[in-house]
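J.: Supplied structure: work22.txt, compact mmCIF, C-alpha atoms and all ligand atoms.
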# COMPACT_ATOMS: atom_id res chain seq x y z
CA MET A 1 -26.50 -8.28 26.48
CA GLN A 2 -24.19 -8.09 23.53
CA PRO A 3 -23.73 -4.68 21.95
CA GLU A 4 -25.28 -4.25 18.55
CA LEU A 5 -22.82 -4.03 15.70
CA ALA A 6 -25.03 -2.84 12.88
CA PRO A 7 -23.30 -0.07 10.93
CA SER A 8 -24.98 3.32 10.71
CA ASN A 9 -24.36 5.44 7.67
CA GLY A 10 -24.17 9.07 6.74
CA THR A 11 -21.69 10.64 9.16
CA ASP A 12 -18.11 11.75 8.74
CA ASP A 13 -15.31 9.94 10.55
CA ALA A 14 -14.83 12.62 13.19
CA GLY A 15 -18.50 12.42 14.16
CA LEU A 16 -18.41 8.63 14.29
CA VAL A 17 -15.25 8.69 16.39
CA ARG A 18 -16.88 11.08 18.87
CA ARG A 19 -19.94 8.85 19.12
CA ALA A 20 -17.77 5.76 19.50
CA GLN A 21 -15.77 7.49 22.23
CA ASP A 22 -19.06 8.13 24.01
CA GLY A 23 -19.67 4.38 23.94
CA ASP A 24 -21.84 3.95 20.84
CA PRO A 25 -20.92 0.51 19.40
CA GLU A 26 -22.76 1.18 16.13
CA ALA A 27 -20.54 4.14 15.42
CA PHE A 28 -17.44 2.02 15.89
CA ALA A 29 -18.94 -0.70 13.71
CA GLU A 30 -19.41 1.84 10.94
CA LEU A 31 -15.76 2.84 11.20
CA VAL A 32 -14.81 -0.82 10.92
CA ALA A 33 -17.04 -1.22 7.88
CA ARG A 34 -15.38 1.77 6.24
CA TYR A 35 -11.81 0.63 6.67
CA GLU A 36 -11.60 -3.14 7.21
CA LYS A 37 -11.03 -3.85 3.51
CA SER A 38 -8.21 -1.36 3.26
CA ILE A 39 -6.56 -2.48 6.51
CA PHE A 40 -6.74 -6.13 5.49
CA ARG A 41 -5.31 -5.45 2.03
CA LEU A 42 -2.52 -3.38 3.51
CA ALA A 43 -1.67 -6.04 6.08
CA ARG A 44 -1.73 -8.72 3.40
CA ASN A 45 0.54 -6.71 1.13
CA ILE A 46 3.08 -6.03 3.85
CA THR A 47 3.11 -9.40 5.59
CA GLN A 48 2.58 -11.53 2.46
CA ASN A 49 0.79 -14.05 4.61
CA ALA A 50 -2.97 -14.62 4.94
CA GLU A 51 -2.89 -15.68 8.57
CA ASP A 52 -0.71 -12.77 9.65
CA ALA A 53 -2.93 -10.39 7.72
CA GLU A 54 -6.01 -11.59 9.60
CA ASP A 55 -4.19 -11.24 12.92
CA VAL A 56 -3.12 -7.72 12.00
CA LEU A 57 -6.68 -6.84 11.00
CA GLN A 58 -8.08 -7.97 14.35
CA GLU A 59 -5.28 -6.49 16.41
CA THR A 60 -5.64 -3.16 14.63
CA PHE A 61 -9.33 -2.73 15.34
CA LEU A 62 -9.12 -4.16 18.85
CA LYS A 63 -6.28 -1.79 19.68
CA ALA A 64 -8.10 1.10 18.06
CA TYR A 65 -11.16 0.34 20.18
CA GLU A 66 -9.09 0.02 23.32
CA HIS A 67 -7.19 3.26 22.72
CA LEU A 68 -9.99 5.24 21.16
CA ASP A 69 -9.89 7.77 23.98
CA GLU A 70 -6.30 8.58 23.06
CA PHE A 71 -7.26 9.57 19.54
CA ARG A 72 -7.29 13.36 19.63
CA GLY A 73 -8.22 14.09 16.06
CA ASP A 74 -4.96 15.81 15.12
CA SER A 75 -4.67 13.33 12.25
CA LYS A 76 -7.34 11.60 10.22
CA PHE A 77 -8.84 8.58 11.96
CA TYR A 78 -7.88 6.43 8.97
CA THR A 79 -4.23 7.51 9.18
CA TRP A 80 -4.21 6.71 12.88
CA LEU A 81 -5.64 3.28 12.11
CA VAL A 82 -3.13 2.64 9.34
CA ARG A 83 -0.29 3.53 11.67
CA ILE A 84 -1.44 0.87 14.12
CA ALA A 85 -1.83 -1.65 11.30
CA VAL A 86 1.60 -0.98 9.81
CA ASN A 87 3.26 -1.36 13.20
CA GLN A 88 1.47 -4.64 13.80
CA ALA A 89 2.37 -5.88 10.32
CA LEU A 90 6.05 -4.99 10.69
CA MET A 91 6.10 -6.75 14.04
CA LYS A 92 4.74 -9.90 12.39
CA LEU A 93 7.49 -9.72 9.81
CA ARG A 94 10.18 -9.35 12.42
CA LYS A 95 8.84 -12.41 14.21
CA ARG A 96 9.08 -14.47 11.06
CA LYS A 97 12.78 -15.08 11.01
CA THR A 98 12.38 -17.04 7.81
CA ASP A 99 11.96 -13.80 5.90
CA ARG A 100 15.52 -13.04 4.85
CA SER A 101 14.84 -9.40 4.08
CA VAL A 102 13.27 -8.03 7.21
CA SER A 103 15.72 -5.21 7.54
CA LEU A 104 13.58 -2.13 7.89
CA ASP A 105 16.07 0.46 8.99
CA GLU A 106 17.08 3.56 7.09
CA THR A 107 20.31 2.15 5.77
CA PHE A 108 18.62 -0.67 3.96
CA ASP A 109 18.95 -0.63 0.20
CA THR A 110 19.41 3.04 -0.42
CA GLY A 111 22.59 2.64 -2.43
CA GLU A 112 23.06 3.81 -5.96
CA ASP A 113 22.01 0.53 -7.46
CA THR A 114 20.89 0.37 -11.04
CA LEU A 115 17.29 1.43 -11.19
CA VAL A 116 16.43 0.24 -14.64
CA ARG A 117 17.65 -2.81 -16.38
CA GLU A 118 15.22 -4.27 -18.80
CA ILE A 119 13.50 -1.89 -21.15
CA ALA A 120 11.05 -3.52 -23.48
CA VAL A 121 7.86 -2.28 -25.06
CA TRP A 122 4.77 -3.97 -23.67
CA ALA A 123 2.12 -5.66 -25.73
CA ASP A 124 -0.93 -3.47 -26.37
CA ASP A 125 -3.23 -5.27 -23.99
CA PRO A 126 -0.93 -7.48 -21.93
CA GLU A 127 -3.57 -8.37 -19.33
CA ARG A 128 -5.40 -10.29 -22.05
CA LEU A 129 -2.45 -12.65 -22.43
CA TYR A 130 -3.33 -14.22 -19.08
CA SER A 131 -6.33 -15.54 -17.22
CA GLN A 132 -7.57 -13.56 -14.21
CA ASP A 133 -5.95 -16.08 -11.88
CA GLU A 134 -2.64 -16.00 -13.70
CA LEU A 135 -2.67 -12.22 -13.73
CA ARG A 136 -3.30 -12.03 -9.98
CA GLN A 137 -0.50 -14.52 -9.43
CA ILE A 138 1.88 -12.42 -11.52
CA LEU A 139 0.96 -9.21 -9.69
CA ALA A 140 1.13 -10.82 -6.26
CA SER A 141 4.48 -12.50 -6.77
CA ALA A 142 6.00 -9.27 -8.08
CA ILE A 143 5.02 -7.48 -4.86
CA GLU A 144 6.18 -10.41 -2.77
CA SER A 145 9.64 -10.16 -4.31
CA LEU A 146 10.10 -6.62 -2.98
CA PRO A 147 11.85 -5.94 0.33
CA PRO A 148 9.26 -5.29 3.09
CA ILE A 149 9.85 -1.55 3.33
CA PHE A 150 9.30 -1.19 -0.42
CA ARG A 151 6.11 -3.23 -0.15
CA ALA A 152 4.93 -0.98 2.64
CA VAL A 153 5.69 2.23 0.75
CA PHE A 154 4.11 0.95 -2.46
CA ALA A 155 1.01 -0.35 -0.66
CA LEU A 156 0.50 2.90 1.23
CA ARG A 157 1.14 5.28 -1.67
CA ASP A 158 -0.10 3.43 -4.73
CA ILE A 159 -2.67 0.98 -3.43
CA GLU A 160 -4.23 2.72 -0.43
CA GLU A 161 -3.44 6.10 -2.03
CA LEU A 162 -2.12 7.95 0.99
CA SER A 163 -0.01 11.05 0.40
CA THR A 164 3.78 11.04 0.50
CA GLU A 165 3.66 13.06 3.74
CA GLU A 166 1.21 10.67 5.40
CA THR A 167 3.28 7.69 4.30
CA ALA A 168 6.42 9.29 5.70
CA GLN A 169 4.70 9.94 9.02
CA ILE A 170 3.33 6.42 9.27
CA LEU A 171 6.65 4.73 8.48
CA ASN A 172 8.81 7.21 10.41
CA LEU A 173 10.73 8.02 7.26
CA SER A 174 11.65 11.36 5.74
CA VAL A 175 9.74 12.52 2.67
CA PRO A 176 12.80 12.06 0.41
CA ALA A 177 13.26 8.53 1.80
CA VAL A 178 9.65 7.68 0.93
CA LYS A 179 10.11 9.12 -2.55
CA SER A 180 13.25 7.17 -3.30
CA ARG A 181 11.75 3.92 -2.02
CA LEU A 182 8.58 4.46 -3.98
CA LEU A 183 10.56 5.05 -7.17
CA ARG A 184 12.54 1.87 -6.60
CA ALA A 185 9.42 -0.13 -5.80
CA ARG A 186 7.60 1.11 -8.89
CA LEU A 187 10.57 0.45 -11.16
CA ARG A 188 11.15 -3.02 -9.76
CA LEU A 189 7.51 -3.96 -10.21
CA ARG A 190 7.62 -2.53 -13.72
CA GLU A 191 10.59 -4.71 -14.48
CA LYS A 192 9.01 -7.84 -13.01
CA LEU A 193 5.87 -7.30 -15.05
CA THR A 194 7.92 -6.63 -18.17
CA ARG A 195 8.97 -10.26 -18.18
CA TYR A 196 5.35 -11.24 -18.71
CA PHE A 197 3.93 -8.31 -20.63
CA LYS A 198 6.57 -7.42 -23.20
CA ARG A 199 5.88 -7.55 -26.89
CA LYS A 200 7.46 -10.61 -28.44
CA GLY A 201 10.90 -10.17 -29.96
CA ASP A 202 11.39 -6.68 -28.64
CA ASP A 203 14.09 -6.95 -26.01
CA VAL A 204 16.22 -3.97 -25.17
CA PHE A 205 18.49 -3.72 -22.18
CA ALA A 206 19.77 -0.47 -20.84
CA TYR A 207 21.54 0.79 -17.78
CA LEU A 208 20.60 4.18 -16.51
CA MET B 1 16.41 20.59 -27.52
CA SER B 2 15.85 19.00 -24.15
CA LEU B 3 18.10 19.83 -21.22
CA LEU B 4 17.16 16.79 -19.17
CA THR B 5 19.37 13.73 -19.09
CA CYS B 6 17.92 10.24 -18.68
CA LYS B 7 19.03 10.28 -15.04
CA ASP B 8 17.27 13.60 -14.48
CA PHE B 9 14.16 12.17 -16.06
CA LEU B 10 14.20 9.14 -13.81
CA LYS B 11 14.43 11.38 -10.76
CA GLU B 12 11.29 13.22 -11.87
CA LEU B 13 9.40 10.12 -12.99
CA ASN B 14 7.40 9.72 -9.77
CA ASP B 15 6.22 13.30 -9.64
CA TYR B 16 5.48 13.22 -13.35
CA LEU B 17 3.33 10.08 -13.00
CA ASP B 18 1.63 11.58 -9.95
CA ASP B 19 0.88 14.80 -11.80
CA ALA B 20 2.93 16.73 -9.29
CA THR B 21 5.43 18.51 -11.52
CA SER B 22 5.41 22.21 -12.33
CA PRO B 23 4.27 23.06 -15.89
CA GLY B 24 7.79 24.11 -16.88
CA LEU B 25 9.38 20.87 -15.75
CA ARG B 26 6.55 18.94 -17.27
CA GLN B 27 7.35 20.48 -20.64
CA GLU B 28 11.01 19.56 -20.31
CA ILE B 29 10.08 16.00 -19.39
CA GLU B 30 7.77 15.70 -22.35
CA ALA B 31 10.46 17.07 -24.65
CA HIS B 32 12.85 14.41 -23.33
CA LEU B 33 10.26 11.67 -23.77
CA ALA B 34 9.68 12.73 -27.35
CA GLU B 35 13.31 12.19 -28.25
CA CYS B 36 14.35 9.33 -25.94
CA PRO B 37 12.71 5.97 -26.72
CA ASN B 38 14.14 4.29 -23.61
CA CYS B 39 12.67 6.81 -21.21
CA TRP B 40 9.43 6.77 -23.12
CA VAL B 41 9.17 3.00 -22.59
CA ILE B 42 10.04 3.30 -18.91
CA CYS B 43 7.43 5.98 -18.44
CA ASP B 44 4.76 4.11 -20.37
CA THR B 45 5.33 0.75 -18.68
CA THR B 46 5.60 2.23 -15.19
CA ARG B 47 2.35 4.11 -15.70
CA ARG B 48 0.70 0.89 -16.89
CA THR B 49 2.16 -1.01 -13.92
CA LEU B 50 0.43 1.42 -11.57
CA ARG B 51 -2.80 1.29 -13.52
CA ILE B 52 -2.89 -2.52 -13.38
CA TYR B 53 -2.24 -2.59 -9.64
CA LYS B 54 -4.81 0.11 -8.94
CA GLY B 55 -7.35 -1.72 -11.08
CA THR B 56 -6.97 -5.12 -9.41
CA ASP B 57 -7.94 -5.84 -5.82
CA LEU B 58 -5.44 -8.60 -5.15
CA TYR B 59 -6.67 -9.27 -1.64
CA PRO B 60 -10.40 -8.82 -1.20
CA LEU B 61 -11.55 -9.35 2.38
CA PRO B 62 -12.91 -12.92 2.71
CA SER B 63 -16.33 -12.91 4.38
CA GLU B 64 -15.22 -15.39 7.04
CA VAL B 65 -12.35 -13.06 7.96
CA HIS B 66 -14.87 -10.24 8.30
CA GLN B 67 -17.09 -12.47 10.47
CA ARG B 68 -14.25 -13.39 12.79
CA LEU B 69 -13.27 -9.74 13.14
CA MET B 70 -16.82 -8.83 14.17
CA GLU B 71 -16.85 -11.74 16.64
CA ALA B 72 -13.60 -10.55 18.20
CA LEU B 73 -14.95 -7.02 18.47
CA ARG B 74 -18.18 -8.18 20.07
CA ARG B 75 -16.21 -10.08 22.67
CA LYS B 76 -14.01 -7.05 23.31
CA MET B 77 -16.98 -4.71 23.62
CA SER B 78 -18.88 -6.85 26.08
CA GLN B 79 -15.68 -7.25 28.09
CA SER B 80 -15.14 -3.51 28.45
CA LYS B 81 -18.84 -3.10 29.24
CA ASN B 82 -18.48 -5.48 32.16
CA GLY B 83 -15.64 -3.36 33.43
CA SER B 84 -12.82 -5.83 32.86
CA GLY B 85 -11.43 -3.67 30.10
CA GLN B 86 -10.11 -0.18 30.65
CA SER B 87 -12.72 2.14 32.08
CA LYS B 88 -13.78 5.25 30.22
CA ASN B 89 -14.92 7.10 33.30
CA GLY B 90 -11.78 6.44 35.28
CA SER B 91 -11.88 4.29 38.36
ZN ZN C 301 16.11 9.30 -21.65
The structure in this file should be written as structure tokens.
T.:
Amino acid sequence: MQPELAPSNGTDDAGLVRRAQDGDPEAFAELVARYEKSIFRLARNITQNAEDAEDVLQETFLKAYEHLDEFRGDSKFYTWLVRIAVNQALMKLRKRKTDRSVSLDETFDTGEDTLVREIAVWADDPERLYSQDELRQILASAIESLPPIFRAVFALRDIEELSTEETAQILNLSVPAVKSRLLRARLRLREKLTRYFKRKGDDVFAYL
Amino acid sequence: MSLLTCKDFLKELNDYLDDATSPGLRQEIEAHLAECPNCWVICDTTRRTLRIYKGTDLYPLPSEVHQRLMEALRRKMSQSKNGSGQSKNGS
């Protein structure tokens, strides 16, 4: 007989994990229901590829299920899950040799490059200048243009809203390294969006 | 008069946007923003960048992707039930 996978509500993660460790498939299904959206989005943001993101999603939950007994509860279950997902996603990137910027080590892009180039006031309601589809395209291509480690930091901190410390732990980076990458990611995205959202005839360039 | 330079401001921008600066530093930052149009624009547009990203789910989970995940899990679960997966009770 196939195990039932109907989610059951109303318990905290730790309780669900304990039940899942005792072999309750519904408890695991509830954990999946809680976090599949976030894990998929994260994988999609890091890999920039729909197929890879689906692979990462499946691998993450299959691995989590397989290694559930090793989860000791010294971190949040979600953080544990994210760590698996990020590792899987980075592995996908490394496999795709076509990505010219798969350098993920500490030395990558930490130089004193110019952080801010274009400074222009945005229109009051710039989202209105574009259709929903165009807007999504603009936002997606701005993220895609970032180096992978910046995408990962931005996705973890600003999209999935993990703390700086959790992000550092997950990516094996120091807290200052996360902070400097996040600043660069935010400023680069800001600059990409400025091209589309600036008020007409208001160009200022500055080097800080 | 503000003591922060534009470079100083940029270093504090993240914490400022994340509401993680001390009240004293916050005051200095706001004093700088009041007198430096460039930093004001950077601050404003970065804040709006974050708001737009947080307000748009770029990659909602497609229902067929969800279905395939559940399928894969079902297979995995029945496998470990039949003992071909790793055993919880130790063998
Ligand atoms: Zn300034």
J.: Have a look at atom CA of Gln79 of chain B and atom CA of Glu66 of chain A and let me know their distance in Å, one decimal.
T.: 10.9 Å
J.: Within 7 Å of ligand ZN 301 (chain C), counting only C-alpha atoms and all ligand atoms: which residues, as a PDB file with C-alpha atoms, in the coordinates of the input?
T.:
ATOM      1  CA  THR B   5      19.370  13.730 -19.090  1.00  0.00           C
ATOM      2  CA  CYS B   6      17.920  10.240 -18.680  1.00  0.00           C
ATOM      3  CA  PHE B   9      14.160  12.170 -16.060  1.00  0.00           C
ATOM      4  CA  HIS B  32      12.850  14.410 -23.330  1.00  0.00           C
ATOM      5  CA  LEU B  33      10.260  11.670 -23.770  1.00  0.00           C
ATOM      6  CA  CYS B  36      14.350   9.330 -25.940  1.00  0.00           C
ATOM      7  CA  PRO B  37      12.710   5.970 -26.720  1.00  0.00           C
ATOM      8  CA  ASN B  38      14.140   4.290 -23.610  1.00  0.00           C
ATOM      9  CA  CYS B  39      12.670   6.810 -21.210  1.00  0.00           C
TER      10      CYS B  39
END
J.: Counting all atoms listed in the file, which residues of chain B sit at most 8 Å from some atom of chain A, and what is each one's closest atom pair with its distance in Å to one decimal, listed by chain and rising residue number, as a Markdown table?
T.:
| residue | atom | partner | partner_atom | distance |
| --- | --- | --- | --- | --- |
| B:Cys6 | CA | A:Leu208 | CA | 7.0 |
| B:Lys7 | CA | A:Leu208 | CA | 6.5 |
| B:Leu13 | CA | A:Leu183 | CA | 7.8 |
| B:Asn14 | CA | A:Leu183 | CA | 6.2 |
| B:Asn38 | CA | A:Ile119 | CA | 6.7 |
| B:Val41 | CA | A:Val121 | CA | 6.0 |
| B:Ile42 | CA | A:Ile119 | CA | 6.6 |
| B:Thr45 | CA | A:Arg190 | CA | 6.4 |
| B:Thr46 | CA | A:Arg190 | CA | 5.4 |
| B:Thr49 | CA | A:Arg190 | CA | 5.7 |
| B:Leu50 | CA | A:Asp158 | CA | 7.1 |
| B:Tyr53 | CA | A:Ile159 | CA | 7.2 |
| B:Lys54 | CA | A:Ile159 | CA | 6.0 |
| B:Thr56 | CA | A:Arg136 | CA | 7.8 |
| B:Leu58 | CA | A:Arg136 | CA | 6.3 |
| B:Tyr59 | CA | A:Arg41 | CA | 5.5 |
| B:Pro60 | CA | A:Lys37 | CA | 6.9 |
| B:Leu61 | CA | A:Lys37 | CA | 5.6 |
| B:Val65 | CA | A:Glu54 | CA | 6.7 |
| B:His66 | CA | A:Glu36 | CA | 7.9 |
| B:Leu69 | CA | A:Gln58 | CA | 5.6 |
| B:Met70 | CA | A:Leu5 | CA | 7.8 |
| B:Ala72 | CA | A:Gln58 | CA | 7.2 |
| B:Leu73 | CA | A:Leu62 | CA | 6.5 |
| B:Arg74 | CA | A:Pro3 | CA | 6.8 |
| B:Lys76 | CA | A:Leu62 | CA | 7.2 |
| B:Met77 | CA | A:Pro3 | CA | 7.0 |
| B:Ser78 | CA | A:Gln2 | CA | 6.0 |
| B:Gln86 | CA | A:Glu66 | CA | 7.4 |
| B:Lys88 | CA | A:Asp69 | CA | 7.8 |
J.: Go ahead and compute the interatomic distance for atom CA of Ser141 of chain A and atom CA of Gln48 of chain A, in Å to one decimal.
T.: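 These two atoms are separated by 9.5 Å.
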J.: What is the atom CA of Ile46 of chain A to atom CA of Arg151 of chain A distance in Å?
T.: 5.7 Å
J.: Find the residues near Val178 of chain A: any atom within 9 Å, counting all atoms listed in the file, skip ones fewer than 3 places away on the same chain, and give them as a ChimeraX atom specification.
T.: /A:150,153,164-165,167-168,171,173-175,181-183
J.: Please, what is the axis-aligned box for every listed atom of segment 115-133 of chain A with 5 Å on each side, as centre and edge lengths in Å to one decimal, as AutoDock Vina command-line options?
T.:
--center_x 5.0 --center_y -7.3 --center_z -18.8 --size_x 35.2 --size_y 27.5 --size_z 25.2
J.: Using all atoms listed in the file, pick whichever of A:Ser131, A:Ser163, A:Thr47, A:Thr11 has the shortest atom-to-atom distance to Leu90 of chain A.
T.: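 Using all atoms listed in the file, Leu90 of chain A sits closest to A:Thr47.
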